[in-house]
Every structure is written in C-alpha cells, then in structure tokens.
$ cat target-v4.cif   # mmCIF, C-alpha atoms
data_my_file
loop_
_atom_site.label_atom_id
_atom_site.label_comp_id
_atom_site.auth_asym_id
_atom_site.auth_seq_id
_atom_site.Cartn_x
_atom_site.Cartn_y
_atom_site.Cartn_z
CA MET A 1 26.63 -2.97 -10.34
CA SER A 2 26.53 -0.48 -7.52
CA ASP A 3 26.25 2.34 -10.06
CA ASN A 4 23.36 3.50 -12.12
CA LEU A 5 22.58 2.08 -15.54
CA GLU A 6 23.81 4.27 -18.37
CA PRO A 7 20.38 5.34 -19.76
CA ILE A 8 19.29 6.34 -16.23
CA GLU A 9 22.55 8.18 -15.71
CA ARG A 10 21.98 10.12 -18.94
CA LEU A 11 18.38 10.98 -18.03
CA THR A 12 19.50 12.01 -14.53
CA ASP A 13 21.99 14.43 -16.10
CA MET A 14 19.14 15.91 -18.14
CA PHE A 15 16.95 16.48 -15.11
CA ARG A 16 19.87 18.14 -13.32
CA ARG A 17 19.67 20.93 -15.90
CA LEU A 18 16.36 22.04 -14.43
CA ASP A 19 16.48 24.85 -11.87
CA GLY A 20 17.03 23.72 -8.31
CA VAL A 21 17.29 20.04 -9.16
CA GLY A 22 20.21 18.27 -7.46
CA ARG A 23 21.62 14.80 -8.00
CA LYS A 24 19.21 12.98 -5.64
CA THR A 25 16.10 14.65 -7.03
CA ALA A 26 17.21 14.10 -10.63
CA GLU A 27 17.77 10.41 -9.89
CA ARG A 28 14.30 10.16 -8.36
CA TYR A 29 12.76 11.80 -11.44
CA ALA A 30 14.65 9.42 -13.75
CA HIS A 31 13.30 6.45 -11.82
CA ASN A 32 9.82 7.97 -12.01
CA ILE A 33 10.12 8.01 -15.79
CA ILE A 34 11.16 4.34 -15.81
CA SER A 35 8.07 3.52 -13.75
CA LEU A 36 5.68 5.30 -16.13
CA PRO A 37 3.74 3.25 -18.67
CA GLU A 38 5.60 3.37 -22.00
CA ALA A 39 2.91 5.47 -23.71
CA ASP A 40 3.11 8.09 -20.95
CA ALA A 41 6.89 8.31 -21.18
CA LEU A 42 6.67 8.82 -24.94
CA GLU A 43 3.98 11.47 -24.39
CA PHE A 44 6.33 13.21 -21.95
CA ALA A 45 9.16 13.23 -24.50
CA GLU A 46 6.78 14.52 -27.14
CA ALA A 47 5.53 17.31 -24.88
CA ILE A 48 9.12 18.51 -24.49
CA ILE A 49 9.68 18.49 -28.25
CA LYS A 50 6.35 20.22 -28.93
CA ALA A 51 6.84 22.88 -26.28
CA LYS A 52 10.28 23.60 -27.67
CA THR A 53 9.26 23.67 -31.34
CA GLU A 54 5.82 25.32 -31.07
CA ILE A 55 6.83 28.09 -28.72
CA LYS A 56 8.67 31.01 -30.21
CA ARG A 57 9.23 34.61 -29.20
CA CYS A 58 6.72 37.36 -29.96
CA THR A 59 8.39 39.58 -32.58
CA VAL A 60 7.24 42.66 -30.67
CA CYS A 61 7.75 42.04 -26.95
CA CYS A 62 9.95 38.90 -27.01
CA ASN A 63 7.54 37.09 -24.66
CA ILE A 64 6.95 33.42 -25.44
CA SER A 65 4.13 32.90 -27.90
CA THR A 66 2.67 30.29 -30.22
CA GLY A 67 2.13 32.91 -32.94
CA ASP A 68 4.43 35.55 -34.44
CA VAL A 69 2.79 38.20 -32.27
CA CYS A 70 1.56 37.31 -28.77
CA ASP A 71 -2.03 37.83 -27.62
CA ILE A 72 -1.11 40.87 -25.54
CA CYS A 73 0.78 42.70 -28.31
CA GLY A 74 -1.99 41.80 -30.75
CA ASN A 75 -4.71 43.22 -28.49
CA ASP A 76 -5.86 46.69 -29.60
CA GLU A 77 -7.55 47.33 -26.26
CA ARG A 78 -4.26 47.35 -24.41
CA ASP A 79 -2.35 50.59 -23.91
CA HIS A 80 0.62 50.29 -26.29
CA THR A 81 2.25 53.49 -25.00
CA THR A 82 3.11 51.94 -21.62
CA VAL A 83 5.66 49.13 -21.67
CA CYS A 84 6.43 47.03 -18.63
CA VAL A 85 9.94 45.52 -18.82
CA VAL A 86 10.32 42.17 -17.03
CA GLU A 87 12.99 39.51 -16.72
CA ASP A 88 11.04 36.49 -17.93
CA PRO A 89 7.68 35.17 -19.17
CA LYS A 90 6.71 34.08 -15.66
CA ALA A 91 6.83 37.71 -14.53
CA VAL A 92 4.36 38.56 -17.32
CA MET A 93 2.02 35.87 -16.03
CA ALA A 94 2.36 37.15 -12.46
CA ILE A 95 1.51 40.73 -13.46
CA GLU A 96 -1.36 39.60 -15.72
CA LYS A 97 -2.89 37.81 -12.74
CA THR A 98 -3.27 41.16 -10.93
CA ARG A 99 -5.64 42.30 -13.76
CA GLN A 100 -4.34 45.79 -12.95
CA PHE A 101 -1.97 46.50 -15.80
CA ARG A 102 -3.46 47.43 -19.20
CA GLY A 103 -0.21 48.25 -21.00
CA VAL A 104 2.10 45.90 -22.88
CA TYR A 105 5.32 44.10 -21.94
CA HIS A 106 8.90 43.65 -22.97
CA VAL A 107 10.63 40.45 -21.86
CA LEU A 108 14.42 40.67 -21.36
CA HIS A 109 14.99 36.91 -20.88
CA GLY A 110 17.45 37.47 -18.08
CA THR A 111 19.38 40.17 -16.27
CA ILE A 112 22.80 41.62 -16.91
CA SER A 113 25.28 39.47 -15.02
CA PRO A 114 28.94 39.75 -16.02
CA MET A 115 29.75 36.99 -13.52
CA ARG A 116 27.60 34.51 -15.43
CA GLY A 117 28.65 35.90 -18.80
CA VAL A 118 25.34 37.64 -19.46
CA THR A 119 26.28 40.91 -21.14
CA PRO A 120 23.60 43.44 -22.21
CA ASP A 121 23.74 42.20 -25.82
CA LYS A 122 22.56 38.74 -24.66
CA LEU A 123 19.26 40.29 -23.52
CA THR A 124 16.52 41.86 -25.66
CA ILE A 125 17.56 45.41 -24.76
CA LYS A 126 18.32 46.38 -28.38
CA ASP A 127 14.81 45.20 -29.37
CA LEU A 128 13.39 47.48 -26.65
CA LEU A 129 15.39 50.45 -27.96
CA ALA A 130 14.20 49.73 -31.52
CA ARG A 131 10.64 49.54 -30.22
CA ILE A 132 10.96 52.91 -28.48
CA ASN A 133 12.39 54.46 -31.68
CA ASN A 134 9.72 52.98 -33.95
CA SER A 135 6.51 53.41 -31.95
CA GLU A 136 4.73 55.78 -29.59
CA ILE A 137 5.95 54.79 -26.13
CA SER A 138 5.58 57.32 -23.31
CA GLU A 139 6.46 55.27 -20.21
CA VAL A 140 8.64 52.26 -19.55
CA ILE A 141 8.02 50.57 -16.19
CA LEU A 142 11.17 48.71 -15.15
CA ALA A 143 9.80 45.68 -13.34
CA THR A 144 12.90 43.51 -13.06
CA ASN A 145 13.19 41.70 -9.73
CA PRO A 146 14.41 43.72 -6.71
CA THR A 147 17.70 41.80 -6.62
CA VAL A 148 21.20 43.19 -7.15
CA GLU A 149 21.17 42.07 -10.79
CA GLY A 150 17.58 43.18 -11.38
CA GLU A 151 18.29 46.65 -9.96
CA ALA A 152 21.47 47.00 -12.01
CA THR A 153 19.67 45.95 -15.18
CA ALA A 154 16.84 48.41 -14.51
CA MET A 155 19.35 51.22 -13.96
CA TYR A 156 21.28 50.29 -17.12
CA ILE A 157 18.11 50.40 -19.23
CA ALA A 158 16.84 53.60 -17.59
CA LYS A 159 20.09 55.36 -18.53
CA LEU A 160 19.65 54.28 -22.15
CA ILE A 161 16.00 55.20 -22.57
CA VAL A 162 15.58 58.47 -20.66
CA PRO A 163 17.68 60.32 -23.32
CA LEU A 164 15.16 59.00 -25.89
CA GLY A 165 12.45 61.08 -24.19
CA VAL A 166 10.74 58.19 -22.45
CA LYS A 167 9.66 58.25 -18.80
CA ALA A 168 11.38 55.40 -16.92
CA THR A 169 9.70 54.21 -13.69
CA ARG A 170 10.56 51.44 -11.26
CA ILE A 171 8.14 49.22 -9.30
CA ALA A 172 7.93 50.00 -5.58
CA ASN A 173 9.66 48.06 -2.82
CA GLY A 174 7.95 47.50 0.52
CA VAL A 175 6.47 45.09 3.01
CA PRO A 176 4.48 42.41 1.16
CA VAL A 177 0.74 42.47 1.78
CA GLY A 178 -0.04 39.95 4.52
CA GLY A 179 3.59 40.10 5.62
CA ASP A 180 4.84 40.79 9.14
CA LEU A 181 7.20 43.66 9.98
CA GLU A 182 8.96 41.41 12.46
CA TYR A 183 10.03 39.07 9.67
CA THR A 184 10.80 41.72 7.07
CA ASP A 185 14.49 42.31 6.37
CA GLU A 186 15.96 45.74 7.12
CA VAL A 187 16.55 46.71 3.51
CA THR A 188 12.93 46.06 2.57
CA LEU A 189 11.72 47.87 5.67
CA ARG A 190 13.94 50.85 4.92
CA ARG A 191 12.52 50.97 1.37
CA ALA A 192 8.99 50.66 2.75
CA LEU A 193 9.61 53.66 5.01
CA GLU A 194 11.20 55.69 2.20
CA GLY A 195 8.23 54.91 -0.02
CA ARG A 196 5.62 55.83 2.59
CA TYR A 197 2.59 57.66 1.24
CA SER A 198 0.03 59.98 2.81
CA MET A 199 -3.18 58.20 3.73
CA LEU A 200 -5.85 60.86 3.67
CA MET B 1 -3.54 35.88 -22.14
CA SER B 2 -3.18 35.60 -18.38
CA ASP B 3 -2.99 31.83 -18.73
CA ASN B 4 -0.21 29.60 -19.88
CA LEU B 5 0.28 28.70 -23.52
CA GLU B 6 -1.09 25.27 -24.39
CA PRO B 7 2.27 23.50 -25.09
CA ILE B 8 3.62 24.78 -21.76
CA GLU B 9 0.44 23.69 -20.03
CA ARG B 10 0.83 20.19 -21.46
CA LEU B 11 4.50 19.98 -20.47
CA THR B 12 3.65 21.27 -16.99
CA ASP B 13 1.12 18.44 -16.64
CA MET B 14 3.84 15.96 -17.57
CA PHE B 15 6.25 17.28 -14.95
CA ARG B 16 3.50 17.08 -12.34
CA ARG B 17 3.58 13.29 -12.73
CA LEU B 18 7.01 13.20 -11.13
CA ASP B 19 7.14 12.47 -7.40
CA GLY B 20 6.79 15.51 -5.19
CA VAL B 21 6.39 17.99 -8.06
CA GLY B 22 3.56 20.47 -7.54
CA ARG B 23 2.05 22.98 -9.96
CA LYS B 24 4.57 25.80 -9.33
CA THR B 25 7.62 23.56 -9.66
CA ALA B 26 6.25 21.87 -12.78
CA GLU B 27 5.65 25.28 -14.36
CA ARG B 28 9.21 26.31 -13.53
CA TYR B 29 10.58 23.14 -15.10
CA ALA B 30 8.49 23.69 -18.24
CA HIS B 31 9.90 27.20 -18.57
CA ASN B 32 13.40 25.78 -18.04
CA ILE B 33 12.83 23.50 -21.03
CA ILE B 34 11.74 26.44 -23.16
CA SER B 35 14.93 28.27 -22.22
CA LEU B 36 17.20 25.36 -23.22
CA PRO B 37 18.88 25.44 -26.62
CA GLU B 38 16.80 23.39 -29.08
CA ALA B 39 19.42 20.63 -29.37
CA ASP B 40 19.48 20.17 -25.59
CA ALA B 41 15.69 19.95 -25.38
CA LEU B 42 15.66 17.29 -28.09
CA GLU B 43 18.45 15.44 -26.27
CA PHE B 44 16.31 15.55 -23.13
CA ALA B 45 13.31 14.08 -24.94
CA GLU B 46 15.54 11.40 -26.45
CA ALA B 47 17.01 10.50 -23.06
CA ILE B 48 13.47 9.84 -21.81
CA ILE B 49 12.66 7.62 -24.77
CA LYS B 50 15.97 5.76 -24.52
CA ALA B 51 15.73 5.21 -20.78
CA LYS B 52 12.23 3.89 -21.22
CA THR B 53 12.98 1.60 -24.17
CA GLU B 54 16.47 0.36 -23.21
CA ILE B 55 15.69 -0.42 -19.62
CA LYS B 56 13.83 -3.64 -18.92
CA ARG B 57 13.44 -5.89 -15.92
CA CYS B 58 15.95 -8.60 -15.04
CA THR B 59 14.17 -11.92 -15.68
CA VAL B 60 15.51 -13.26 -12.37
CA CYS B 61 15.23 -10.50 -9.75
CA CYS B 62 12.96 -7.99 -11.54
CA ASN B 63 15.47 -5.18 -10.92
CA ILE B 64 15.92 -2.72 -13.78
CA SER B 65 18.56 -3.85 -16.25
CA THR B 66 19.81 -3.18 -19.76
CA GLY B 67 20.23 -6.92 -20.39
CA ASP B 68 17.91 -9.89 -19.84
CA VAL B 69 19.74 -10.73 -16.62
CA CYS B 70 21.18 -7.94 -14.45
CA ASP B 71 24.86 -7.76 -13.45
CA ILE B 72 24.15 -8.91 -9.91
CA CYS B 73 22.12 -11.99 -10.89
CA GLY B 74 24.71 -12.82 -13.55
CA ASN B 75 27.60 -12.63 -11.07
CA ASP B 76 28.75 -16.09 -9.93
CA GLU B 77 30.67 -14.65 -7.01
CA ARG B 78 27.48 -13.47 -5.29
CA ASP B 79 25.69 -15.72 -2.82
CA HIS B 80 22.59 -16.83 -4.72
CA THR B 81 21.08 -18.58 -1.68
CA THR B 82 20.41 -15.29 0.14
CA VAL B 83 17.81 -13.03 -1.43
CA CYS B 84 17.17 -9.50 -0.22
CA VAL B 85 13.63 -8.34 -1.05
CA VAL B 86 13.30 -4.59 -1.62
CA GLU B 87 10.59 -2.21 -2.79
CA ASP B 88 12.40 -0.57 -5.69
CA PRO B 89 15.64 -0.33 -7.69
CA LYS B 90 16.79 2.63 -5.62
CA ALA B 91 16.84 0.40 -2.52
CA VAL B 92 19.14 -2.00 -4.39
CA MET B 93 21.51 0.88 -5.13
CA ALA B 94 21.42 2.00 -1.49
CA ILE B 95 22.28 -1.48 -0.19
CA GLU B 96 24.96 -1.99 -2.85
CA LYS B 97 26.65 1.19 -1.65
CA THR B 98 27.22 -0.40 1.78
CA ARG B 99 29.41 -3.07 0.06
CA GLN B 100 28.26 -5.32 2.89
CA PHE B 101 25.73 -7.57 1.20
CA ARG B 102 27.03 -10.35 -1.05
CA GLY B 103 23.70 -12.03 -1.78
CA VAL B 104 21.22 -11.25 -4.54
CA TYR B 105 18.02 -9.18 -4.69
CA HIS B 106 14.36 -9.36 -5.54
CA VAL B 107 12.63 -6.11 -6.47
CA LEU B 108 8.90 -5.91 -5.69
CA HIS B 109 8.27 -2.63 -7.55
CA GLY B 110 6.00 -1.32 -4.83
CA THR B 111 4.26 -2.34 -1.63
CA ILE B 112 0.85 -3.82 -1.04
CA SER B 113 -1.58 -0.92 -0.67
CA PRO B 114 -5.29 -1.69 -1.07
CA MET B 115 -6.01 2.06 -0.69
CA ARG B 116 -4.04 2.85 -3.82
CA GLY B 117 -5.26 -0.27 -5.62
CA VAL B 118 -1.95 -2.13 -5.31
CA THR B 119 -2.93 -5.73 -4.60
CA PRO B 120 -0.26 -8.45 -4.11
CA ASP B 121 -0.66 -9.64 -7.72
CA LYS B 122 0.52 -6.21 -8.96
CA LEU B 123 3.91 -6.80 -7.35
CA THR B 124 6.54 -9.41 -8.27
CA ILE B 125 5.65 -11.70 -5.35
CA LYS B 126 4.70 -14.61 -7.59
CA ASP B 127 8.10 -14.35 -9.32
CA LEU B 128 9.74 -14.57 -5.88
CA LEU B 129 7.74 -17.68 -5.00
CA ALA B 130 8.68 -19.28 -8.34
CA ARG B 131 12.32 -18.41 -7.67
CA ILE B 132 12.19 -20.06 -4.24
CA ASN B 133 10.60 -23.18 -5.74
CA ASN B 134 13.07 -23.45 -8.62
CA SER B 135 16.41 -22.62 -6.97
CA GLU B 136 18.38 -23.12 -3.78
CA ILE B 137 17.36 -20.24 -1.54
CA SER B 138 17.96 -20.57 2.19
CA GLU B 139 17.24 -17.05 3.48
CA VAL B 140 15.03 -14.19 2.34
CA ILE B 141 15.82 -10.84 3.97
CA LEU B 142 12.72 -8.66 3.86
CA ALA B 143 14.13 -5.17 3.40
CA THR B 144 11.00 -3.22 2.51
CA ASN B 145 10.89 0.25 4.09
CA PRO B 146 9.91 0.49 7.79
CA THR B 147 6.57 2.13 6.93
CA VAL B 148 3.08 0.77 7.57
CA GLU B 149 2.86 -0.52 4.00
CA GLY B 150 6.41 -1.82 3.95
CA GLU B 151 5.89 -3.72 7.21
CA ALA B 152 2.59 -5.19 6.02
CA THR B 153 4.16 -6.29 2.73
CA ALA B 154 7.09 -7.91 4.57
CA MET B 155 4.69 -9.77 6.85
CA TYR B 156 2.53 -10.89 3.90
CA ILE B 157 5.57 -12.32 2.09
CA ALA B 158 7.01 -13.92 5.24
CA LYS B 159 3.75 -15.82 5.77
CA LEU B 160 3.93 -17.14 2.18
CA ILE B 161 7.57 -18.21 2.18
CA VAL B 162 8.17 -19.68 5.64
CA PRO B 163 5.97 -22.72 4.78
CA LEU B 164 8.28 -23.27 1.77
CA GLY B 165 11.13 -23.97 4.19
CA VAL B 166 12.90 -20.63 3.74
CA LYS B 167 14.19 -18.51 6.60
CA ALA B 168 12.53 -15.06 6.49
CA THR B 169 14.37 -12.21 8.24
CA ARG B 170 13.63 -8.49 8.58
CA ILE B 171 16.11 -5.60 8.64
CA ALA B 172 16.58 -3.98 12.07
CA ASN B 173 14.99 -0.74 13.21
CA GLY B 174 16.90 1.67 15.43
CA VAL B 175 18.45 5.07 15.88
CA PRO B 176 20.27 6.05 12.66
CA VAL B 177 24.04 6.30 12.97
CA GLY B 178 24.96 9.93 13.62
CA GLY B 179 21.39 10.56 14.81
CA ASP B 180 20.38 12.15 18.08
CA LEU B 181 18.13 10.43 20.64
CA GLU B 182 16.47 13.78 21.35
CA TYR B 183 15.19 13.97 17.78
CA THR B 184 14.32 10.30 17.35
CA ASP B 185 10.62 9.48 17.36
CA GLU B 186 9.25 7.23 20.12
CA VAL B 187 8.47 4.29 17.85
CA THR B 188 12.01 4.16 16.50
CA LEU B 189 13.43 4.57 19.99
CA ARG B 190 11.21 1.77 21.31
CA ARG B 191 12.42 -0.47 18.47
CA ALA B 192 16.03 0.52 19.18
CA LEU B 193 15.58 -0.52 22.82
CA GLU B 194 13.88 -3.78 21.90
CA GLY B 195 16.68 -4.57 19.48
CA ARG B 196 19.47 -3.82 21.97
CA TYR B 197 22.46 -6.15 21.82
CA SER B 198 25.15 -7.12 24.28
CA MET B 199 28.38 -5.20 23.78
CA LEU B 200 31.08 -7.42 25.16
#
$ encode --input "target-v4.cif" --output "structure tokens"
Amino acid sequence: MSDNLEPIERLTDMFRRLDGVGRKTAERYAHNIISLPEADALEFAEAIIKAKTEIKRCTVCCNISTGDVCDICGNDERDHTTVCVVEDPKAVMAIEKTRQFRGVYHVLHGTISPMRGVTPDKLTIKDLLARINNSEISEVILATNPTVEGEATAMYIAKLIVPLGVKATRIANGVPVGGDLEYTDEVTLRRALEGRYSML
Amino acid sequence: MSDNLEPIERLTDMFRRLDGVGRKTAERYAHNIISLPEADALEFAEAIIKAKTEIKRCTVCCNISTGDVCDICGNDERDHTTVCVVEDPKAVMAIEKTRQFRGVYHVLHGTISPMRGVTPDKLTIKDLLARINNSEISEVILATNPTVEGEATAMYIAKLIVPLGVKATRIANGVPVGGDLEYTDEVTLRRALEGRYSML
C-alpha cells in the first residue's frame, strides 16, 4: 500500500477542483479532514450543502443572494440608474468595502473566453440588456478586471449597450495606492500617464 | 450588504480549519463551491462524509486504513520485527515511495507538544509499548520529523523502549540530495558533518 486509500483519493480529487489547489495541497486537505473530529467533518459537509442550496442568484443583478432579490437591489436608497458590471460576487464585495459607490451592480459570473469555451451567452449579458431595456439606467460602469479577457468583455458589452442610449464607462488603470513606480509594469505605468489629471 | 452571506461565512470558517488556509483563501474556496454545479457540490460533501466514516485506524499500527488491519500490517512478506515510528500517515506514504523499507510502521498521530496541549497520552505511544510487549520487535526506527517537537518525541519514546530490550534508532540528518551547501542551514550542515561516513 504505497498509494492512497480510495476515500482519501476521492476527497483529494474534490479538493483539486478548488482554484489554485494542486495535488500536494489537496492531499494535505484530505488528511486534515480525516484528522477532524467526526462531528466537525459532518458540519463541514453540511456547510457545503447549505451554501450550495441556500445561495441563489438575485433575479435583478445576478449576484449571489439568500433571497430572490439581494440586499443591494432591494435597497431604495441606492442609485438604481447607475449599474456597475463586475465579473464575480467577490468584486461586488471589494467595491462595497470602499463605501464609495452608491449605485447597483450586475454580476457577469465570468468573462468571455473562447479558449475556455465561455461564449457571451454563458454570461449574464442578456440579463443586463433586458435590465437596460426595462428600467431607467443612465450609466453602466464596466468594472471587469484589467486583464485581456476582462478588457475584451468590457468592450463587447460597451458595443452592445451604447446603441441603447446608455453611457458606458470603464474603471481607471494606474499605479496602485501605496505602490512603487519602480515595481510597476510598463503597461500600467503607461496607462497611469495617459490617465493623468490636473492637480489644482 | 458589504459583508458575506451567512452560508458563505459558515463555509469559509470550515475551510479555515484546513492547514495553512487563511481568511482570503478560505473565502475563495467557498466561492468556488458556490460556482460548482449542484451535483458536484453534493459529491464533494459526500466525499468528506465517506472519507471520515470509511477510514479508521489499523488496530496494529494506528495508520489510517479502510479495514481493521492495514495492508502493510496484514502483509506476511514484510519484516514485522522492525517498526518505523512516524508522526502521521503522510510520512508512511513518503517512506513507502522509497521502496527501501520492508518493515512495518507505527503512526503516532502527532508529536508531544505541551504548548498545544498534546501530552504523550494523546498519541499512540501506549499502543506502541503494548505492541513491543506482545510481539517480536527487535528494532524501532524513530522517524519523527527533525523538528524540535519531533526530536523531543523521538527521545521520549527511545527512553521508554530501550529498557524493554529494543534497539532504538533515529533517521539521519544531512544535506538533502540535490541540495546546495550554500543554501543549507548551519544546523543541518553541522549534522551532515557529524554524520559523515567513509567512502571507500
């Protein structure tokens, strides 16, 4: 028996499905589970089932939510004419932490990536278009990540929505606050220069 | 809603119990689960339950096993007079991969660590002593990790078993194969020098 036991092997395979988890790490996690008291392991399994069954998508913005409509979409104090389009629920959380944005969101659940088989119809773009057609939206901020796929997705959506009479804006690129020019890549630095603004 | 949803929060807490998983990583894993198809998430939960319920400890060596006696202890071709004492099941797998060792194992499931509340009675030391008393064991190789706790645990066990007429040996320390002296810490290098052997 130089190999793993079958139940550990199966659990290891499960952990490998998580982002950035390789074989060694997945094996370590599986052994961690074996070392947990039985009640804790069952609680872990239950938490997975509950998270998966209790969490659905907000029928308005497609963000994850425990109700039919998420707390942000259901909040009358938010500005429902400004929609910030993001790739995933974690981006919503990141922007909410700034306490700067008072509009609402639209979560794409990915970016267009023909290489990985993600075509536009796999994202919530049609829901966004329906939302623009059915409600008063004046500005859509495209806040996908500044990656090749994020940029392409933003451009794809912008081309679809501008003809609908909506203003499409893109978040700025630049040197991160607290960052160091010396360690900033050229593309970012070039964008930071292009986006320079007058100080006084 | 700038905070996480409760089911995600709970699942994040679960993932944080795994070794080396901090808040950010646990949150990422929880979101990974949410993104899985429902069947896969349920399969994941089931794999945890199965691994936990199907895997027990070998009644002889305390290694993890699906049967009452593990494949190694049940193998008559192994040398049952030489017992290699290790901290955990992963160490057994590591040694088995060398295909060098033909003896059997004893898994402690930890090291003595008063700081973390792990006293000798929390480990399987008494099972080892019973094994030595009830069977023909001539040598016990103490193969706990070369850490402060691993060394202390090896020494503690050696002191208990030598009076029982058993030879207690410790695995060698030295420069890892393929390693570089320049990047080897002084303690390891000192041990490597102490353990030098004649070449011809």
$ resolve_selection --input "target-v4.cif" --expression "the PyMOL selection byres ((chain B) within 7 of (chain A))" --output "PyMOL selection string"
chain B and resi 1-3+7-8+10-11+14+18-19+29+32+34+38+41-42+44-52+71-72+93+96-97
$ atom_distance --input "target-v4.cif" --atom1 "atom CA of Arg170 of chain A" --atom2 "atom CA of Asn145 of chain A"
10.2 Å
$ residues_around --input "target-v4.cif" --residues "Arg190 of chain B" --least-positions-apart "4" --cutoff "12 Å" --atoms "all atoms listed in the file" --output "PyMOL selection string"
chain B and resi 173-175+181+184-186+194-196
$ atom_distance --input "target-v4.cif" --atom1 "atom CA of Cys58 of chain B" --atom2 "atom CA of Cys73 of chain B"
8.2 Å
$ residues_near_point --input "target-v4.cif" --point "(8.5, 48.9, -17.5)" --cutoff "10 Å" --atoms "only C-alpha atoms" --output "ChimeraX atom specification"
/A:82-86,103-107,139-144,154,157-158,167-171
$ resolve_selection --input "target-v4.cif" --expression "the PyMOL selection byres ((chain A and resi 113) around 12)" --output "ChimeraX atom specification"
/A:110-112,114-123,147-153,156
$ atom_distance --input "target-v4.cif" --atom1 "atom CA of Arg102 of chain A" --atom2 "atom CA of Ala26 of chain B"
28.1 Å
$ resolve_selection --input "target-v4.cif" --expression "the PyMOL selection byres ((chain A and resi 132) around 12)" --output "JSON, numbers by chain"
{"A": [60, 61, 80, 81, 82, 83, 106, 125, 126, 127, 128, 129, 130, 131, 133, 134, 135, 136, 137, 138, 139, 140, 157, 160, 161, 162, 163, 164, 165, 166, 167, 168]}
